[in-house]
>>> print(open('protein-v7.cif').read())   # mmCIF, C-alpha atoms
data_data
loop_
_atom_site.group_PDB
_atom_site.id
_atom_site.type_symbol
_atom_site.label_atom_id
_atom_site.label_comp_id
_atom_site.auth_asym_id
_atom_site.auth_seq_id
_atom_site.Cartn_x
_atom_site.Cartn_y
_atom_site.Cartn_z
ATOM 1 C CA MET A 1165 0.000 0.000 0.000
ATOM 2 C CA THR A 1166 1.279 3.435 -0.902
ATOM 3 C CA THR A 1167 0.705 6.161 1.639
ATOM 4 C CA THR A 1168 0.355 9.709 0.462
ATOM 5 C CA VAL A 1169 0.585 12.801 2.588
ATOM 6 C CA SER A 1170 -0.906 16.022 1.293
ATOM 7 C CA ILE A 1171 0.998 19.008 2.566
ATOM 8 C CA ARG A 1172 1.381 22.475 1.199
ATOM 9 C CA VAL A 1173 4.728 23.140 -0.479
ATOM 10 C CA ASP A 1174 5.385 26.728 -1.536
ATOM 11 C CA SER A 1175 8.613 26.052 -3.422
ATOM 12 C CA SER A 1176 11.741 23.931 -3.351
ATOM 13 C CA GLU A 1177 13.735 24.072 -0.136
ATOM 14 C CA ASN A 1178 16.617 25.790 -1.914
ATOM 15 C CA ASP A 1179 14.477 28.585 -3.362
ATOM 16 C CA PRO A 1180 15.539 31.937 -1.832
ATOM 17 C CA SER A 1181 11.891 32.985 -1.493
ATOM 18 C CA ARG A 1182 11.216 29.788 0.456
ATOM 19 C CA ARG A 1183 14.108 30.518 2.837
ATOM 20 C CA LYS A 1184 12.908 34.089 3.348
ATOM 21 C CA PHE A 1185 9.384 32.849 4.083
ATOM 22 C CA ILE A 1186 10.623 30.456 6.770
ATOM 23 C CA LEU A 1187 12.986 32.945 8.369
ATOM 24 C CA ASP A 1188 10.366 35.693 8.391
ATOM 25 C CA ASN A 1189 7.866 33.352 10.072
ATOM 26 C CA ALA A 1190 10.446 32.134 12.562
ATOM 27 C CA ASN A 1191 11.184 35.724 13.556
ATOM 28 C CA ARG A 1192 7.607 36.962 13.598
ATOM 29 C CA ILE A 1193 5.747 34.018 15.091
ATOM 30 C CA LEU A 1194 8.324 32.335 17.289
ATOM 31 C CA LEU A 1195 9.032 35.705 18.842
ATOM 32 C CA SER A 1196 5.403 36.094 19.854
ATOM 33 C CA SER A 1197 5.439 32.692 21.574
ATOM 34 C CA SER A 1198 8.686 33.314 23.487
ATOM 35 C CA ILE A 1199 10.703 30.816 21.496
ATOM 36 C CA VAL A 1200 13.202 33.421 20.337
ATOM 37 C CA SER A 1201 14.139 36.574 22.180
ATOM 38 C CA SER A 1202 13.269 40.170 21.396
ATOM 39 C CA ALA A 1203 16.916 40.727 20.519
ATOM 40 C CA MET A 1204 16.379 38.596 17.423
ATOM 41 C CA VAL A 1205 13.817 40.899 15.768
ATOM 42 C CA GLY A 1206 14.767 41.333 12.121
ATOM 43 C CA LYS A 1207 17.611 38.848 12.484
ATOM 44 C CA THR A 1208 18.101 35.178 11.758
ATOM 45 C CA PRO A 1209 16.609 32.951 14.499
ATOM 46 C CA PRO A 1210 19.029 30.770 16.502
ATOM 47 C CA ALA A 1211 20.248 27.198 16.062
ATOM 48 C CA ALA A 1212 18.381 25.034 13.556
ATOM 49 C CA ALA A 1213 16.057 27.921 12.740
ATOM 50 C CA SER A 1214 18.899 29.696 10.945
ATOM 51 C CA SER A 1215 20.470 28.823 7.604
ATOM 52 C CA GLU A 1216 19.458 25.186 7.954
ATOM 53 C CA VAL A 1217 15.768 25.812 8.607
ATOM 54 C CA SER A 1218 14.895 25.658 4.900
ATOM 55 C CA ALA A 1219 15.803 21.959 5.020
ATOM 56 C CA LEU A 1220 14.978 20.995 8.609
ATOM 57 C CA TYR A 1221 11.346 21.094 9.719
ATOM 58 C CA SER A 1222 10.231 22.179 6.231
ATOM 59 C CA ALA A 1223 7.339 20.834 4.163
ATOM 60 C CA GLU A 1224 9.816 18.554 2.441
ATOM 61 C CA ARG A 1225 11.391 17.381 5.727
ATOM 62 C CA PRO A 1226 8.784 17.831 8.468
ATOM 63 C CA VAL A 1227 8.711 16.942 12.147
ATOM 64 C CA ALA A 1228 6.911 13.639 12.736
ATOM 65 C CA ILE A 1229 4.747 13.748 15.873
ATOM 66 C CA LEU A 1230 4.118 10.305 17.372
ATOM 67 C CA GLY A 1231 1.078 10.430 19.609
ATOM 68 C CA GLY A 1232 -0.229 13.243 17.408
ATOM 69 C CA GLY A 1233 -3.823 12.567 18.424
ATOM 70 C CA GLY A 1234 -3.199 13.078 22.141
ATOM 71 C CA ARG A 1235 -3.471 16.350 24.023
ATOM 72 C CA THR A 1236 0.282 16.885 24.232
ATOM 73 C CA GLY A 1237 0.762 15.920 20.591
ATOM 74 C CA LYS A 1238 -1.871 18.440 19.525
ATOM 75 C CA GLU A 1239 -0.148 21.190 21.498
ATOM 76 C CA VAL A 1240 3.155 20.308 19.827
ATOM 77 C CA ALA A 1241 1.438 20.574 16.441
ATOM 78 C CA ALA A 1242 0.050 23.991 17.403
ATOM 79 C CA ALA A 1243 3.466 25.178 18.609
ATOM 80 C CA LEU A 1244 5.111 24.075 15.360
ATOM 81 C CA ALA A 1245 2.487 25.865 13.289
ATOM 82 C CA LYS A 1246 2.813 29.053 15.324
ATOM 83 C CA GLY A 1247 6.517 28.940 14.587
ATOM 84 C CA GLY A 1248 6.032 28.438 10.855
ATOM 85 C CA LEU A 1249 7.513 24.942 11.112
ATOM 86 C CA PHE A 1250 6.051 21.911 9.354
ATOM 87 C CA GLY A 1251 4.893 18.681 10.930
ATOM 88 C CA ILE A 1252 3.055 15.415 10.339
ATOM 89 C CA ALA A 1253 0.701 14.170 13.075
ATOM 90 C CA MET A 1254 0.828 10.378 13.353
ATOM 91 C CA THR A 1255 -1.630 8.307 15.375
ATOM 92 C CA ARG A 1256 -2.081 4.641 16.190
ATOM 93 C CA THR A 1257 -5.533 4.637 14.536
ATOM 94 C CA GLY A 1258 -4.763 6.711 11.463
ATOM 95 C CA LYS A 1259 -7.620 9.047 12.335
ATOM 96 C CA SER A 1260 -6.982 12.738 11.777
ATOM 97 C CA PRO A 1261 -6.609 14.642 15.056
ATOM 98 C CA VAL A 1262 -8.741 17.745 15.491
ATOM 99 C CA LEU A 1263 -6.305 20.647 15.308
ATOM 100 C CA PRO A 1264 -6.807 24.434 15.380
ATOM 101 C CA GLY A 1265 -7.528 25.929 11.982
ATOM 102 C CA TYR A 1266 -4.321 27.912 11.877
ATOM 103 C CA THR A 1267 -2.267 24.702 11.812
ATOM 104 C CA LYS A 1268 -3.611 23.445 8.463
ATOM 105 C CA ASP A 1269 -0.899 25.040 6.301
ATOM 106 C CA PHE A 1270 1.863 23.620 8.490
ATOM 107 C CA VAL A 1271 0.763 20.369 10.144
ATOM 108 C CA GLN A 1272 -0.988 17.588 8.270
ATOM 109 C CA PRO A 1273 -2.288 14.194 9.427
ATOM 110 C CA TYR A 1274 -0.664 10.990 8.265
ATOM 111 C CA SER A 1275 -3.251 8.916 6.456
ATOM 112 C CA GLU A 1276 -2.335 5.480 7.834
ATOM 113 C CA PRO A 1277 -2.134 4.016 11.353
ATOM 114 C CA VAL A 1278 1.339 4.094 12.892
ATOM 115 C CA ASN A 1279 2.069 1.399 15.458
ATOM 116 C CA VAL A 1280 5.154 2.249 17.498
ATOM 117 C CA CYS A 1281 5.550 -1.441 18.354
ATOM 118 C CA ASP A 1282 6.053 -2.255 14.666
ATOM 119 C CA ALA A 1283 9.698 -1.310 14.127
ATOM 120 C CA ASP A 1284 9.733 -1.876 10.365
ATOM 121 C CA GLY A 1285 6.417 -0.113 9.822
ATOM 122 C CA LEU A 1286 7.599 2.830 11.907
ATOM 123 C CA ILE A 1287 10.734 3.313 9.837
ATOM 124 C CA LYS A 1288 8.714 3.066 6.612
ATOM 125 C CA ALA A 1289 6.322 5.771 7.834
ATOM 126 C CA MET A 1290 9.230 8.060 8.696
ATOM 127 C CA GLN A 1291 10.857 7.414 5.340
ATOM 128 C CA ALA A 1292 7.572 8.123 3.565
ATOM 129 C CA VAL A 1293 7.434 11.669 4.972
ATOM 130 C CA HIS A 1294 11.219 12.263 4.980
ATOM 131 C CA ALA A 1295 11.096 13.192 8.670
ATOM 132 C CA SER A 1296 13.925 15.439 9.840
ATOM 133 C CA ALA A 1297 12.870 15.019 13.486
ATOM 134 C CA ILE A 1298 10.684 12.718 15.551
ATOM 135 C CA VAL A 1299 8.828 13.983 18.616
ATOM 136 C CA TYR A 1300 7.616 11.132 20.817
ATOM 137 C CA CYS A 1301 4.469 12.144 22.713
ATOM 138 C CA ALA A 1302 2.892 8.688 22.787
ATOM 139 C CA SER A 1303 2.327 6.875 26.066
ATOM 140 C CA ALA A 1304 0.296 4.015 27.489
ATOM 141 C CA SER A 1305 -3.462 4.530 27.453
ATOM 142 C CA GLY A 1306 -6.645 2.696 28.284
ATOM 143 C CA LYS A 1307 -7.460 2.184 24.600
ATOM 144 C CA GLY A 1308 -3.902 1.905 23.339
ATOM 145 C CA GLY A 1309 -0.904 -0.195 24.275
ATOM 146 C CA THR A 1310 0.543 -1.047 27.660
ATOM 147 C CA ALA A 1311 3.317 0.904 29.323
ATOM 148 C CA PHE A 1312 6.000 -1.543 28.229
ATOM 149 C CA GLU A 1313 4.662 -1.631 24.668
ATOM 150 C CA VAL A 1314 4.503 2.149 24.220
ATOM 151 C CA ASP A 1315 6.853 3.748 26.767
ATOM 152 C CA ASP A 1316 9.605 1.163 26.472
ATOM 153 C CA ILE A 1317 9.556 -0.851 23.226
ATOM 154 C CA GLY A 1318 7.886 1.894 21.204
ATOM 155 C CA VAL A 1319 10.412 4.487 22.372
ATOM 156 C CA ALA A 1320 13.301 2.214 21.421
ATOM 157 C CA ASN A 1321 11.772 1.647 17.978
ATOM 158 C CA ALA A 1322 11.326 5.379 17.451
ATOM 159 C CA ALA A 1323 14.910 6.067 18.496
ATOM 160 C CA ALA A 1324 16.067 3.405 16.027
ATOM 161 C CA ALA A 1325 13.974 5.046 13.292
ATOM 162 C CA ALA A 1326 15.561 8.403 14.105
ATOM 163 C CA LYS A 1327 19.006 6.807 13.869
ATOM 164 C CA ALA A 1328 18.184 5.221 10.506
ATOM 165 C CA LEU A 1329 17.038 8.550 9.072
ATOM 166 C CA GLY A 1330 19.616 10.730 10.790
ATOM 167 C CA ALA A 1331 16.700 12.591 12.376
ATOM 168 C CA ARG A 1332 16.628 14.493 15.663
ATOM 169 C CA PHE A 1333 14.712 12.670 18.413
ATOM 170 C CA VAL A 1334 12.829 14.461 21.186
ATOM 171 C CA LEU A 1335 11.321 12.185 23.823
ATOM 172 C CA VAL A 1336 8.660 13.405 26.232
ATOM 173 C CA SER A 1337 9.242 11.271 29.322
ATOM 174 C CA ALA A 1338 8.363 12.025 32.964
ATOM 175 C CA LEU A 1339 9.735 13.713 36.061
ATOM 176 C CA GLY A 1340 11.160 11.397 38.713
ATOM 177 C CA VAL A 1341 12.144 8.558 36.380
ATOM 178 C CA ASP A 1342 15.511 8.286 38.147
ATOM 179 C CA ARG A 1343 13.909 8.261 41.616
ATOM 180 C CA PRO A 1344 12.251 4.852 42.133
ATOM 181 C CA ASP A 1345 12.162 5.404 45.906
ATOM 182 C CA SER A 1346 10.170 8.632 45.613
ATOM 183 C CA LYS A 1347 6.502 8.760 46.513
ATOM 184 C CA GLY A 1348 5.556 10.042 43.058
ATOM 185 C CA TYR A 1349 7.365 7.222 41.276
ATOM 186 C CA LYS A 1350 5.742 4.541 43.419
ATOM 187 C CA MET A 1351 2.234 5.985 43.095
ATOM 188 C CA THR A 1352 2.460 6.421 39.329
ATOM 189 C CA ASN A 1353 4.040 3.002 38.905
ATOM 190 C CA SER A 1354 1.112 1.292 40.646
ATOM 191 C CA LEU A 1355 -1.756 2.719 38.567
ATOM 192 C CA GLY A 1356 -2.556 -0.740 37.198
ATOM 193 C CA GLY A 1357 -4.099 -1.808 33.913
ATOM 194 C CA ASN A 1358 -2.290 -0.601 30.807
ATOM 195 C CA TYR A 1359 -0.442 1.901 33.028
ATOM 196 C CA ASP A 1360 1.036 -0.719 35.338
ATOM 197 C CA LYS A 1361 4.777 -0.172 35.955
ATOM 198 C CA ILE A 1362 4.719 2.865 33.649
ATOM 199 C CA MET A 1363 7.624 4.578 35.410
ATOM 200 C CA ASP A 1364 9.738 1.434 35.035
ATOM 201 C CA ALA A 1365 8.832 1.409 31.340
ATOM 202 C CA LYS A 1366 9.698 5.087 30.892
ATOM 203 C CA ARG A 1367 13.042 4.596 32.606
ATOM 204 C CA GLN A 1368 13.848 1.722 30.247
ATOM 205 C CA GLY A 1369 12.700 3.801 27.270
ATOM 206 C CA GLU A 1370 15.093 6.574 28.275
ATOM 207 C CA GLU A 1371 17.968 4.136 28.711
ATOM 208 C CA LYS A 1372 17.345 2.612 25.288
ATOM 209 C CA THR A 1373 17.197 6.059 23.689
ATOM 210 C CA ARG A 1374 20.636 6.903 25.072
ATOM 211 C CA SER A 1375 21.989 3.528 23.969
ATOM 212 C CA VAL A 1376 20.569 3.579 20.426
ATOM 213 C CA LEU A 1377 21.680 7.166 19.827
ATOM 214 C CA ALA A 1378 24.928 6.953 21.785
ATOM 215 C CA LYS A 1379 27.083 7.798 18.771
ATOM 216 C CA SER A 1380 25.200 10.757 17.273
ATOM 217 C CA LYS A 1381 23.768 12.071 20.566
ATOM 218 C CA ASN A 1382 21.031 13.562 18.384
ATOM 219 C CA TYR A 1383 18.336 13.417 21.038
ATOM 220 C CA MET A 1384 16.806 15.409 23.856
ATOM 221 C CA ILE A 1385 14.850 13.792 26.695
ATOM 222 C CA ILE A 1386 12.315 16.100 28.333
ATOM 223 C CA ARG A 1387 10.852 15.239 31.731
ATOM 224 C CA PRO A 1388 7.737 17.260 32.549
ATOM 225 C CA GLY A 1389 6.120 17.200 35.956
ATOM 226 C CA PRO A 1390 2.339 16.919 36.475
ATOM 227 C CA LEU A 1391 0.505 18.376 33.480
ATOM 228 C CA LEU A 1392 -1.533 21.388 34.561
ATOM 229 C CA GLY A 1393 -4.973 22.174 33.159
ATOM 230 C CA VAL A 1394 -4.461 25.941 33.061
ATOM 231 C CA LYS A 1395 -2.609 27.254 30.020
ATOM 232 C CA GLY A 1396 0.545 29.268 30.540
ATOM 233 C CA LYS A 1397 0.567 33.043 30.260
ATOM 234 C CA GLY A 1398 4.202 34.073 30.355
ATOM 235 C CA GLY A 1399 5.741 31.612 27.898
ATOM 236 C CA ALA A 1400 9.338 30.591 28.479
ATOM 237 C CA ALA A 1401 9.837 33.291 31.127
ATOM 238 C CA ASP A 1402 7.645 31.250 33.496
ATOM 239 C CA ILE A 1403 9.586 28.021 32.987
ATOM 240 C CA GLU A 1404 12.616 26.627 34.776
ATOM 241 C CA LEU A 1405 14.786 23.865 33.358
ATOM 242 C CA ASN A 1406 16.794 21.584 35.613
ATOM 243 C CA GLN A 1407 18.895 18.431 35.543
ATOM 244 C CA GLY A 1408 19.610 15.593 37.919
ATOM 245 C CA ASP A 1409 15.999 14.677 38.779
ATOM 246 C CA ILE A 1410 16.202 16.626 42.020
ATOM 247 C CA ILE A 1411 13.736 19.479 41.487
ATOM 248 C CA GLY A 1412 10.405 19.384 39.657
ATOM 249 C CA GLY A 1413 6.943 20.839 39.430
ATOM 250 C CA GLY A 1414 3.908 21.219 37.208
ATOM 251 C CA ILE A 1415 3.740 22.487 33.645
ATOM 252 C CA SER A 1416 0.906 23.014 31.166
ATOM 253 C CA ARG A 1417 0.803 21.168 27.856
ATOM 254 C CA ASP A 1418 1.206 24.354 25.831
ATOM 255 C CA GLU A 1419 4.298 25.262 27.873
ATOM 256 C CA LEU A 1420 5.629 21.732 27.400
ATOM 257 C CA ALA A 1421 5.055 22.061 23.655
ATOM 258 C CA GLY A 1422 7.068 25.276 23.674
ATOM 259 C CA VAL A 1423 9.906 23.441 25.399
ATOM 260 C CA VAL A 1424 9.726 20.676 22.774
ATOM 261 C CA VAL A 1425 10.014 23.187 19.919
ATOM 262 C CA GLY A 1426 12.843 24.907 21.787
ATOM 263 C CA ALA A 1427 14.639 21.555 21.956
ATOM 264 C CA LEU A 1428 14.164 21.081 18.207
ATOM 265 C CA LEU A 1429 15.604 24.502 17.443
ATOM 266 C CA SER A 1430 18.447 24.314 19.936
ATOM 267 C CA GLU A 1431 21.946 23.245 18.943
ATOM 268 C CA ARG A 1432 22.244 21.261 22.173
ATOM 269 C CA LYS A 1433 21.832 17.495 22.026
ATOM 270 C CA GLY A 1434 22.339 14.328 24.012
ATOM 271 C CA ALA A 1435 20.823 15.643 27.249
ATOM 272 C CA THR A 1436 18.062 14.903 29.746
ATOM 273 C CA VAL A 1437 16.213 17.785 31.386
ATOM 274 C CA GLU A 1438 13.385 18.364 33.833
ATOM 275 C CA VAL A 1439 10.966 21.201 33.023
ATOM 276 C CA TYR A 1440 8.329 22.874 35.152
ATOM 277 C CA ARG A 1441 6.628 26.175 35.845
ATOM 278 C CA THR A 1442 8.962 28.019 38.213
ATOM 279 C CA LYS A 1443 6.225 28.894 40.704
ATOM 280 C CA THR A 1444 5.497 25.184 41.243
ATOM 281 C CA ARG A 1445 9.098 24.080 41.888
ATOM 282 C CA GLN A 1446 9.686 21.602 44.716
ATOM 283 C CA LYS A 1447 12.107 18.889 45.771
ATOM 284 C CA ILE A 1448 11.350 15.437 44.367
ATOM 285 C CA GLN A 1449 12.342 13.862 47.684
ATOM 286 C CA PRO A 1450 12.288 15.504 51.157
ATOM 287 C CA GLU A 1451 15.971 14.914 51.834
ATOM 288 C CA PHE A 1452 17.117 16.692 48.683
ATOM 289 C CA ASP A 1453 18.684 20.130 48.709
ATOM 290 C CA PRO A 1454 16.194 22.768 47.494
ATOM 291 C CA VAL A 1455 18.746 24.001 44.952
ATOM 292 C CA SER A 1456 20.340 21.570 42.506
ATOM 293 C CA GLY A 1457 22.802 24.038 40.996
ATOM 294 C CA ASN A 1458 21.526 23.187 37.514
ATOM 295 C CA GLU A 1459 18.626 25.647 37.384
ATOM 296 C CA VAL A 1460 18.175 27.532 34.105
ATOM 297 C CA THR A 1461 15.716 30.283 33.268
ATOM 298 C CA ALA A 1462 15.580 32.308 30.052
ATOM 299 C CA ASP A 1463 13.412 34.605 27.972
ATOM 300 C CA THR A 1464 12.934 32.027 25.223
ATOM 301 C CA TYR A 1465 12.452 28.283 24.987
ATOM 302 C CA VAL A 1466 15.542 27.905 22.809
ATOM 303 C CA GLU A 1467 17.712 29.783 25.314
ATOM 304 C CA LEU A 1468 16.600 27.409 28.095
ATOM 305 C CA PHE A 1469 18.827 24.790 26.476
ATOM 306 C CA GLY A 1470 21.861 27.051 26.136
ATOM 307 C CA ASN A 1471 23.832 25.571 29.043
ATOM 308 C CA VAL A 1472 22.431 22.072 29.481
ATOM 309 C CA LYS A 1473 24.889 19.315 30.321
ATOM 310 C CA SER A 1474 25.140 16.258 28.099
ATOM 311 C CA ASP A 1475 24.287 12.833 29.491
#
>>> encode(input="protein-v7.cif", output="structure tokens")
Amino acid sequence: MTTTVSIRVDSSENDPSRRKFILDNANRILLSSSIVSSAMVGKTPPAAASSEVSALYSAERPVAILGGGGRTGKEVAAALAKGGLFGIAMTRTGKSPVLPGYTKDFVQPYSEPVNVCDADGLIKAMQAVHASAIVYCASASGKGGTAFEVDDIGVANAAAAAKALGARFVLVSALGVDRPDSKGYKMTNSLGGNYDKIMDAKRQGEEKTRSVLAKSKNYMIIRPGPLLGVKGKGGAADIELNQGDIIGGGISRDELAGVVVGALLSERKGATVEVYRTKTRQKIQPEFDPVSGNEVTADTYVELFGNVKSD
């Protein structure tokens, strides 16, 4: 079966008018969503959103969103579109996710089901759309796969697909994965059903990501805390990034999506970070120091990654 994806292409990726279109959008729209700083007005955006942006995250080489039908996946699609970046939303059912109208010129649905447990099928889907990056937002669900199918095996398969294509891999994991003795880990791990042992599965998924992509280091693992129902108001300025799984807190899905796009546009790679709204910060375990020494705040989501330490 041949899968076709209909997505708007304005011109070839080497056309100067195409490059100007992307750079203008990256300046105008990413600026408004706190992904690039005010100092970049009228200038080339940072990292991958610079001279390489006409090839990366373009209509010809979009970002593949796994779990594109979920709430986090939809927010990632919206964040890409706001930034003038192109994406393909992939779901396990093949059904088109309901996305805001403004995304239609930038994010399109993939017309076939994508099963993250099917390694060969996953690579074929990524090859079909010429993905330049894979964002993994999928996770265990009541109607989908189990924790070990989706958060462990599926993650490893996606990392392998990214390796095969030379694509950037951004994994949305969970806060506290390295703290099996913490109360949050134990409670989440004992949810039962398809979610049973989900923290164990996420930890294994992270480990396999680092192993599969050990040579290129072309990945970023993002650990959000509890997902808040109230949308963010201050953009990146309200977010703190940390490392070491010592400090955490809550974050909204739209803020998390901003962090994901920041990770895509950043030059940093091969790192694991915790992200949360600064006002919600707290120690993961009572005995921990309230300051890890790895705290980072910034005006933009890209700048949050400026000083992250590699794994």
>>> residues_around(input="protein-v7.cif", residues="segment 1315-1327 of chain A", least_positions_apart="3", cutoff="9 Å", atoms="all atoms listed in the file", output="PyMOL selection string")
chain A and resi 1230+1279-1284+1286-1288+1290-1291+1295-1298+1300+1302-1304+1310-1312+1330-1333+1335+1337+1362-1374+1376-1377+1380+1382-1383
>>> closest_atom_pairs(input="protein-v7.cif", of="segment 1301-1357 of chain A", to="segment 1403-1427 of chain A", cutoff="7 Å", atoms="all atoms listed in the file", output="CSV")
residue,atom,partner,partner_atom,distance
A:Leu1339,CA,A:Gly1412,CA,6.7
A:Gly1340,CA,A:Asp1409,CA,5.8
A:Asp1342,CA,A:Asp1409,CA,6.4
>>> write_last_selection(input="protein-v7.cif", atoms="C-alpha atoms", output="compact mmCIF listing (two decimals), keeping the file's coordinate frame")
# COMPACT_ATOMS: atom_id res chain seq x y z
CA LEU A 1339 9.74 13.71 36.06
CA GLY A 1340 11.16 11.40 38.71
CA ASP A 1342 15.51 8.29 38.15
>>> atom_distance(input="protein-v7.cif", atom1="atom CA of Lys1397 of chain A", atom2="atom CA of Gly1237 of chain A")
19.7 Å
>>> residues_near_point(input="protein-v7.cif", point="(1.0, 12.8, 21.5)", cutoff="10 Å", atoms="only C-alpha atoms", output="PDB file with C-alpha atoms, in the coordinates of the input")
ATOM      1  CA  ILE A1229       4.747  13.748  15.873  1.00  0.00           C
ATOM      2  CA  LEU A1230       4.118  10.305  17.372  1.00  0.00           C
ATOM      3  CA  GLY A1231       1.078  10.430  19.609  1.00  0.00           C
ATOM      4  CA  GLY A1232      -0.229  13.243  17.408  1.00  0.00           C
ATOM      5  CA  GLY A1233      -3.823  12.567  18.424  1.00  0.00           C
ATOM      6  CA  GLY A1234      -3.199  13.078  22.141  1.00  0.00           C
ATOM      7  CA  ARG A1235      -3.471  16.350  24.023  1.00  0.00           C
ATOM      8  CA  THR A1236       0.282  16.885  24.232  1.00  0.00           C
ATOM      9  CA  GLY A1237       0.762  15.920  20.591  1.00  0.00           C
ATOM     10  CA  LYS A1238      -1.871  18.440  19.525  1.00  0.00           C
ATOM     11  CA  GLU A1239      -0.148  21.190  21.498  1.00  0.00           C
ATOM     12  CA  VAL A1240       3.155  20.308  19.827  1.00  0.00           C
ATOM     13  CA  ALA A1241       1.438  20.574  16.441  1.00  0.00           C
ATOM     14  CA  ALA A1253       0.701  14.170  13.075  1.00  0.00           C
ATOM     15  CA  MET A1254       0.828  10.378  13.353  1.00  0.00           C
ATOM     16  CA  THR A1255      -1.630   8.307  15.375  1.00  0.00           C
ATOM     17  CA  VAL A1299       8.828  13.983  18.616  1.00  0.00           C
ATOM     18  CA  TYR A1300       7.616  11.132  20.817  1.00  0.00           C
ATOM     19  CA  CYS A1301       4.469  12.144  22.713  1.00  0.00           C
ATOM     20  CA  ALA A1302       2.892   8.688  22.787  1.00  0.00           C
ATOM     21  CA  SER A1303       2.327   6.875  26.066  1.00  0.00           C
ATOM     22  CA  VAL A1336       8.660  13.405  26.232  1.00  0.00           C
TER      23      VAL A1336
END
>>> closest_residue(input="protein-v7.cif", among="A:Gly1251, A:Gly1265, A:Gly1434, A:Gly1285", to="Ser1375 of chain A", atoms="all atoms listed in the file")
A:Gly1434
>>> residues_around(input="protein-v7.cif", residues="segment 1269-1275 of chain A", least_positions_apart="2", cutoff="10 Å", atoms="only C-alpha atoms", output="PyMOL selection string")
chain A and resi 1167-1173+1221-1223+1226-1229+1232-1233+1238+1240-1242+1244-1255+1257-1263+1265-1267+1277-1278+1289+1292-1293
>>> resolve_selection(input="protein-v7.cif", expression="the PyMOL selection byres ((chain A and resi 1468) around 9)", output="ChimeraX atom specification")
/A:1400,1403-1405,1423,1426-1427,1430,1460-1467,1469-1472
>>> atom_distance(input="protein-v7.cif", atom1="atom CA of Pro1344 of chain A", atom2="atom CA of Gly1356 of chain A")
16.6 Å
>>> closest_residue(input="protein-v7.cif", among="A:Lys1433, A:Arg1256, A:Arg1445, A:Lys1395", to="Val1314 of chain A", atoms="all atoms listed in the file")
A:Arg1256
>>> atom_distance(input="protein-v7.cif", atom1="atom CA of Lys1443 of chain A", atom2="atom CA of Asn1353 of chain A")
26.0 Å
>>> closest_residue(input="protein-v7.cif", among="A:Gly1396, A:Gly1457, A:Pro1450, A:Gly1309", to="Tyr1359 of chain A", atoms="only C-alpha atoms")
A:Gly1309
>>> axis_aligned_box(input="protein-v7.cif", around="segment 1333-1351 of chain A", padding_each_side="6 Å", output="AutoDock Vina command-line options")
--center_x 8.9 --center_y 9.5 --center_z 32.5 --size_x 25.3 --size_y 21.9 --size_z 40.1
